[in-house]
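*Asks:* Got model-v2.cif for you, mmCIF, C-alpha atoms; chains and numbers go by the auth columns:
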```cif
data_start
#
loop_
_atom_site.group_PDB
_atom_site.id
_atom_site.type_symbol
_atom_site.label_atom_id
_atom_site.label_comp_id
_atom_site.label_asym_id
_atom_site.label_seq_id
_atom_site.Cartn_x
_atom_site.Cartn_y
_atom_site.Cartn_z
_atom_site.B_iso_or_equiv
_atom_site.auth_seq_id
_atom_site.auth_asym_id
ATOM 1 C CA MET A 1 -20.521 -5.629 32.506 0.00 1 F
ATOM 2 C CA PRO A 2 -20.465 -8.741 30.373 0.00 2 F
ATOM 3 C CA THR A 3 -17.034 -10.256 29.729 0.00 3 F
ATOM 4 C CA THR A 4 -17.962 -12.423 26.735 0.00 4 F
ATOM 5 C CA SER A 5 -19.601 -11.611 23.461 0.00 5 F
ATOM 6 C CA PHE A 6 -20.722 -14.592 21.429 0.00 6 F
ATOM 7 C CA ARG A 7 -22.764 -14.161 18.261 0.00 7 F
ATOM 8 C CA GLY A 8 -26.486 -13.581 18.745 0.00 8 F
ATOM 9 C CA ILE A 9 -29.452 -14.261 16.495 0.00 9 F
ATOM 10 C CA THR A 10 -31.202 -11.414 14.698 0.00 10 F
ATOM 11 C CA ALA A 11 -34.164 -11.274 12.332 0.00 11 F
ATOM 12 C CA MET A 12 -31.639 -11.204 9.480 0.00 12 F
ATOM 13 C CA SER A 13 -29.645 -14.299 10.618 0.00 13 F
ATOM 14 C CA ASP A 14 -29.384 -17.100 8.092 0.00 14 F
ATOM 15 C CA GLN A 15 -29.561 -20.837 8.791 0.00 15 F
ATOM 16 C CA ARG A 16 -25.784 -21.195 9.180 0.00 16 F
ATOM 17 C CA GLU A 17 -25.623 -18.355 11.730 0.00 17 F
ATOM 18 C CA ASN A 18 -28.552 -19.832 13.669 0.00 18 F
ATOM 19 C CA ALA A 19 -26.842 -23.239 13.730 0.00 19 F
ATOM 20 C CA GLU A 20 -23.597 -21.672 14.965 0.00 20 F
ATOM 21 C CA VAL A 21 -25.416 -19.935 17.837 0.00 21 F
ATOM 22 C CA VAL A 22 -27.295 -23.094 18.852 0.00 22 F
ATOM 23 C CA ASN A 23 -24.118 -25.201 18.705 0.00 23 F
ATOM 24 C CA ASN A 24 -22.275 -22.638 20.855 0.00 24 F
ATOM 25 C CA ILE A 25 -25.094 -22.735 23.421 0.00 25 F
ATOM 26 C CA LEU A 26 -24.852 -26.545 23.532 0.00 26 F
ATOM 27 C CA GLN A 27 -21.102 -26.152 24.201 0.00 27 F
ATOM 28 C CA GLY A 28 -21.774 -23.806 27.138 0.00 28 F
ATOM 29 C CA LYS A 29 -20.776 -20.610 25.330 0.00 29 F
ATOM 30 C CA LEU A 30 -23.368 -18.217 26.703 0.00 30 F
ATOM 31 C CA ASN A 31 -23.371 -14.444 27.034 0.00 31 F
ATOM 32 C CA ALA A 32 -24.151 -14.900 30.715 0.00 32 F
ATOM 33 C CA THR A 33 -20.918 -14.023 32.555 0.00 33 F
ATOM 34 C CA ALA A 34 -19.342 -10.857 33.925 0.00 34 F
ATOM 35 C CA SER A 35 -17.066 -9.651 36.732 0.00 35 F
ATOM 36 C CA VAL A 36 -17.593 -7.557 39.851 0.00 36 F
ATOM 37 C CA THR A 37 -15.348 -6.203 42.614 0.00 37 F
ATOM 38 C CA LEU A 38 -17.038 -5.580 45.953 0.00 38 F
ATOM 39 C CA THR A 39 -16.982 -1.988 47.192 0.00 39 F
ATOM 40 C CA ASN A 40 -14.366 -1.475 49.916 0.00 40 F
ATOM 41 C CA SER A 41 -15.386 -0.020 53.285 0.00 41 F
ATOM 42 C CA ALA A 42 -19.065 -0.572 52.480 0.00 42 F
ATOM 43 C CA THR A 43 -21.592 -3.301 53.218 0.00 43 F
ATOM 44 C CA SER A 44 -23.246 -3.398 49.793 0.00 44 F
ATOM 45 C CA THR A 45 -22.306 -3.221 46.140 0.00 45 F
ATOM 46 C CA SER A 46 -24.738 -2.304 43.349 0.00 46 F
ATOM 47 C CA VAL A 47 -24.215 -3.904 39.951 0.00 47 F
ATOM 48 C CA THR A 48 -25.765 -2.744 36.676 0.00 48 F
ATOM 49 C CA ASP A 49 -26.207 -5.520 34.116 0.00 49 F
ATOM 50 C CA TYR A 50 -28.755 -5.397 31.275 0.00 50 F
ATOM 51 C CA ARG A 51 -29.370 -9.181 31.544 0.00 51 F
ATOM 52 C CA VAL A 52 -30.647 -9.098 35.142 0.00 52 F
ATOM 53 C CA GLY A 53 -34.340 -9.170 36.034 0.00 53 F
ATOM 54 C CA ALA A 54 -36.336 -9.557 39.223 0.00 54 F
ATOM 55 C CA GLU A 55 -36.409 -13.368 38.790 0.00 55 F
ATOM 56 C CA SER A 56 -32.747 -13.854 37.762 0.00 56 F
ATOM 57 C CA VAL A 57 -30.433 -16.263 39.572 0.00 57 F
ATOM 58 C CA ILE A 58 -26.932 -14.865 40.101 0.00 58 F
ATOM 59 C CA LEU A 59 -24.059 -17.256 40.877 0.00 59 F
ATOM 60 C CA PHE A 60 -20.566 -16.200 42.027 0.00 60 F
ATOM 61 C CA MET A 61 -17.040 -17.588 41.553 0.00 61 F
ATOM 62 C CA PRO A 62 -14.285 -15.889 43.597 0.00 62 F
ATOM 63 C CA THR A 63 -11.215 -14.816 41.597 0.00 63 F
ATOM 64 C CA THR A 64 -9.106 -13.518 44.517 0.00 64 F
ATOM 65 C CA SER A 65 -8.244 -15.145 47.840 0.00 65 F
ATOM 66 C CA ALA A 66 -10.053 -12.371 49.716 0.00 66 F
ATOM 67 C CA ALA A 67 -13.159 -13.064 47.625 0.00 67 F
ATOM 68 C CA ALA A 68 -12.930 -16.769 48.450 0.00 68 F
ATOM 69 C CA SER A 69 -12.767 -15.898 52.151 0.00 69 F
ATOM 70 C CA GLU A 70 -15.760 -13.547 51.807 0.00 70 F
ATOM 71 C CA LEU A 71 -17.832 -16.243 50.138 0.00 71 F
ATOM 72 C CA ALA A 72 -16.741 -18.941 52.613 0.00 72 F
ATOM 73 C CA ALA A 73 -17.682 -16.738 55.573 0.00 73 F
ATOM 74 C CA GLY A 74 -21.307 -17.028 54.464 0.00 74 F
ATOM 75 C CA GLY A 75 -22.272 -13.378 54.844 0.00 75 F
ATOM 76 C CA MET A 76 -22.365 -12.421 51.164 0.00 76 F
ATOM 77 C CA TYR A 77 -25.695 -12.637 49.335 0.00 77 F
ATOM 78 C CA VAL A 78 -27.807 -10.985 46.650 0.00 78 F
ATOM 79 C CA SER A 79 -30.151 -8.763 48.649 0.00 79 F
ATOM 80 C CA ALA A 80 -32.084 -7.163 45.771 0.00 80 F
ATOM 81 C CA ARG A 81 -32.823 -7.845 42.090 0.00 81 F
ATOM 82 C CA ALA A 82 -34.637 -5.640 39.606 0.00 82 F
ATOM 83 C CA LYS A 83 -34.590 -4.899 35.898 0.00 83 F
ATOM 84 C CA ASN A 84 -30.951 -4.267 34.870 0.00 84 F
ATOM 85 C CA THR A 85 -29.540 -4.267 38.422 0.00 85 F
ATOM 86 C CA PHE A 86 -28.815 -6.273 41.554 0.00 86 F
ATOM 87 C CA THR A 87 -27.338 -5.533 44.977 0.00 87 F
ATOM 88 C CA ILE A 88 -24.817 -7.663 46.845 0.00 88 F
ATOM 89 C CA THR A 89 -24.759 -7.394 50.646 0.00 89 F
ATOM 90 C CA HIS A 90 -21.378 -8.254 52.182 0.00 90 F
ATOM 91 C CA SER A 91 -19.014 -7.439 55.024 0.00 91 F
ATOM 92 C CA SER A 92 -17.028 -4.203 55.059 0.00 92 F
ATOM 93 C CA ALA A 93 -13.354 -4.768 54.246 0.00 93 F
ATOM 94 C CA SER A 94 -10.357 -3.042 52.703 0.00 94 F
ATOM 95 C CA THR A 95 -9.189 -5.981 50.577 0.00 95 F
ATOM 96 C CA THR A 96 -9.859 -6.534 46.873 0.00 96 F
ATOM 97 C CA ARG A 97 -12.699 -9.048 46.601 0.00 97 F
ATOM 98 C CA SER A 98 -13.301 -9.827 42.939 0.00 98 F
ATOM 99 C CA PHE A 99 -15.746 -12.331 41.504 0.00 99 F
ATOM 100 C CA ASP A 100 -16.895 -13.607 38.160 0.00 100 F
ATOM 101 C CA TYR A 101 -20.643 -14.155 38.069 0.00 101 F
ATOM 102 C CA VAL A 102 -23.274 -15.842 35.930 0.00 102 F
ATOM 103 C CA VAL A 103 -26.797 -14.544 35.316 0.00 103 F
ATOM 104 C CA ILE A 104 -29.478 -17.137 34.562 0.00 104 F
ATOM 105 C CA GLY A 105 -33.027 -16.131 33.747 0.00 105 F
#
```
Would it be possible to restate this file's structure as structure tokens?

*Replies:*
Amino acid sequence: MPTTSFRGITAMSDQRENAEVVNNILQGKLNATASVTLTNSATSTSVTDYRVGAESVILFMPTTSAAASELAAGGMYVSARAKNTFTITHSSASTTRSFDYVVIG
């Protein structure tokens, strides 16, 4: 699930609120990040995220040493994307492999 919650724009937003949102976007403050921990003793992990679509790009940043090793090994990838969900294919392990991720598009 998303880990940040910056102000959004609604039909009722005034000019000041709109300017604040646009300025935050220009400073890189996007509601586009979340965290995931890969499922232990399995070769795939399903993630539910309302921002994901079939054309989304999902980028990972390891937050544990085991996650860094998983990513460096080259076997972890996004194997499926659909509305509100994506699947990560990875090696089976018993270590905690946690990542932050970004959804674009």

*Asks:* Using only C-alpha atoms, find each residue of segment 71-101 of chain F with at least one atom at most 8 Å away from an atom of segment 42-64 of chain F; report its shortest atom-to-atom pair and that distance in Å (one decimal), sort the rows by chain and rising residue number, and return the result as a tab-separated table.

*Replies:*
```
residue	atom	partner	partner_atom	distance
F:Leu71	CA	F:Pro62	CA	7.4
F:Val78	CA	F:Ile58	CA	7.7
F:Arg81	CA	F:Ala54	CA	4.8
F:Ala82	CA	F:Ala54	CA	4.3
F:Lys83	CA	F:Gly53	CA	4.3
F:Asn84	CA	F:Tyr50	CA	4.4
F:Thr85	CA	F:Thr48	CA	4.4
F:Phe86	CA	F:Val47	CA	5.4
F:Thr87	CA	F:Ser46	CA	4.5
F:Ile88	CA	F:Thr45	CA	5.2
F:Thr89	CA	F:Ser44	CA	4.4
F:His90	CA	F:Thr43	CA	5.1
F:Ser91	CA	F:Thr43	CA	5.2
F:Ser92	CA	F:Ala42	CA	4.9
F:Ala93	CA	F:Ala42	CA	7.3
F:Thr96	CA	F:Thr64	CA	7.4
F:Arg97	CA	F:Thr64	CA	6.1
F:Ser98	CA	F:Thr63	CA	5.6
F:Phe99	CA	F:Pro62	CA	4.4
F:Asp100	CA	F:Met61	CA	5.2
F:Tyr101	CA	F:Phe60	CA	4.5
```

*Asks:* Would you output that residue set with C-alpha atoms, as an mmCIF file, in the coordinates of the input?

*Replies:*
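What ended up in out.cif:
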```
data_model
loop_
_atom_site.group_PDB
_atom_site.id
_atom_site.type_symbol
_atom_site.label_atom_id
_atom_site.label_comp_id
_atom_site.auth_asym_id
_atom_site.auth_seq_id
_atom_site.Cartn_x
_atom_site.Cartn_y
_atom_site.Cartn_z
ATOM 1 C CA LEU F 71 -17.832 -16.243 50.138
ATOM 2 C CA VAL F 78 -27.807 -10.985 46.650
ATOM 3 C CA ARG F 81 -32.823 -7.845 42.090
ATOM 4 C CA ALA F 82 -34.637 -5.640 39.606
ATOM 5 C CA LYS F 83 -34.590 -4.899 35.898
ATOM 6 C CA ASN F 84 -30.951 -4.267 34.870
ATOM 7 C CA THR F 85 -29.540 -4.267 38.422
ATOM 8 C CA PHE F 86 -28.815 -6.273 41.554
ATOM 9 C CA THR F 87 -27.338 -5.533 44.977
ATOM 10 C CA ILE F 88 -24.817 -7.663 46.845
ATOM 11 C CA THR F 89 -24.759 -7.394 50.646
ATOM 12 C CA HIS F 90 -21.378 -8.254 52.182
ATOM 13 C CA SER F 91 -19.014 -7.439 55.024
ATOM 14 C CA SER F 92 -17.028 -4.203 55.059
ATOM 15 C CA ALA F 93 -13.354 -4.768 54.246
ATOM 16 C CA THR F 96 -9.859 -6.534 46.873
ATOM 17 C CA ARG F 97 -12.699 -9.048 46.601
ATOM 18 C CA SER F 98 -13.301 -9.827 42.939
ATOM 19 C CA PHE F 99 -15.746 -12.331 41.504
ATOM 20 C CA ASP F 100 -16.895 -13.607 38.160
ATOM 21 C CA TYR F 101 -20.643 -14.155 38.069
#
```

*Asks:* For atom CA of Lys29 of chain F and atom CA of Val102 of chain F, quote the distance in Å rounded to one decimal.

*Replies:*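 Taking atom CA of Lys29 of chain F and atom CA of Val102 of chain F, their separation equals 11.9 Å.
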
*Asks:* Go ahead and compute the interatomic distance for atom CA of Thr39 of chain F and atom CA of Ala67 of chain F, in Å to one decimal.

*Replies:*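 It comes out at 11.7 Å.
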
*Asks:* Please measure the separation of atom CA of Ser94 of chain F and atom CA of Asn40 of chain F, giving the value in Å to one decimal.

*Replies:*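 Here the two named atoms are 5.1 Å from each other.
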
*Asks:* Looking at F:Val103, F:Phe6, F:Val21, F:Met76, which one is nearest to Leu38 of chain F, with distances taken over all atoms listed in the file?

*Replies:*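 Among F:Val103, F:Phe6, F:Val21, F:Met76, it is F:Met76 that comes nearest to Leu38 of chain F.
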